[in-house]
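A short worksheet on the structure shown next.
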Amino acid sequence: MAVQGRLFREAHPSNVIPIVSYAPGLAETPRPRVKADMETKPPAITETRRKPAVEAQAQLDFLPSLPAKPRSLYTSVDAVIYCELPVATTLHRAVASALDWSMVLIAFGMFLLVFRLIGGEFLLTKPNLMVFGGMFLLLGFTYGLLFAIAGSETAGMHWTQLRLTTFDGFPPENRTRIVRFAAACLSRCTLLGLLWSLADEEGLAWQDHISRTFATPRRLESEIYRRR
């Protein structure tokens, strides 16, 4: 029977020396086995829960702030005005008041003109004087009340570059303006509130103290008379 011979020569033995023959003791040491679950599952990440922030931790132990101290006047009396805005002088406010009352006089003159055109007679009797006087006061009251409700300074204050501000330096609200107008009516009726500004350390009248507002120049250059 014919047998086919080998097509290739016999391979030479490998030149690689096995580790067992070179270091027999090293191959006998068992390798540490890794757990199967560690190979398949990734290590669990432990979530750290945040502790609720304590409100007291946000507060640092600083020194307590000093209370707001009012300004002292040159007479060592505490000032009632906390802002640095100057108070308008008495002469400056008097000029603004004179201009306002001149507007009231013009309105009163127009009333008398209309009264004459409709056939009225100017008889100097007691009832007529009371009616004319009451009408003059009513026109002045309406004039001031309209500006207070509108939240604006009067025409005389606009012409003399005056504006109202609170003791803290903020623009007054409409409610504060109405309170000031009522206090101004009381001051003008008694005349003591206007005279009070002459003796006051800061030149404030009754309406200024009651409403906690005062008139100040819009610009220092617009002040009619400056205190030395």
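How things are named: the first chain in the structure tokens is A, the next is B, and so on; residues count from 1 in each chain; ligands count from 1 in the order shown.
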Exercise for the section: Write down as a ChimeraX atom specification the residues of segment 76-113 of chain A whose backbone DSSP state falls under helix (DSSP H, G or I). Expected result: /A:90-113
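By only C-alpha atoms, and with residues fewer than 4 positions from segment 175-182 of chain A along its chain excluded, the set lying at most 10 Å from it is Phe141, Gly144, Leu145, Leu146, Phe147, Ala148, Ile149, Ala150, Gly151, Ser152, Glu153, Leu164, Thr165, Thr166, Pro171, Leu186, Ser187, Trp206, Gln207, Asp208, His209, Ile210, Ser211, Arg212, Thr213 and Phe214 of chain A.
Between atom CA of Ala107 of chain A and atom CA of Phe132 of chain A the interatomic distance comes to 12.5 Å.
Across A:Ala88, A:Leu192, A:Leu198, A:Ala155, the tightest approach to Trp101 of chain A is made by A:Ala155 when counting only C-alpha atoms.
Put simply, atom CA of Phe122 of chain A is 15.1 Å away from atom CA of Gly134 of chain A.
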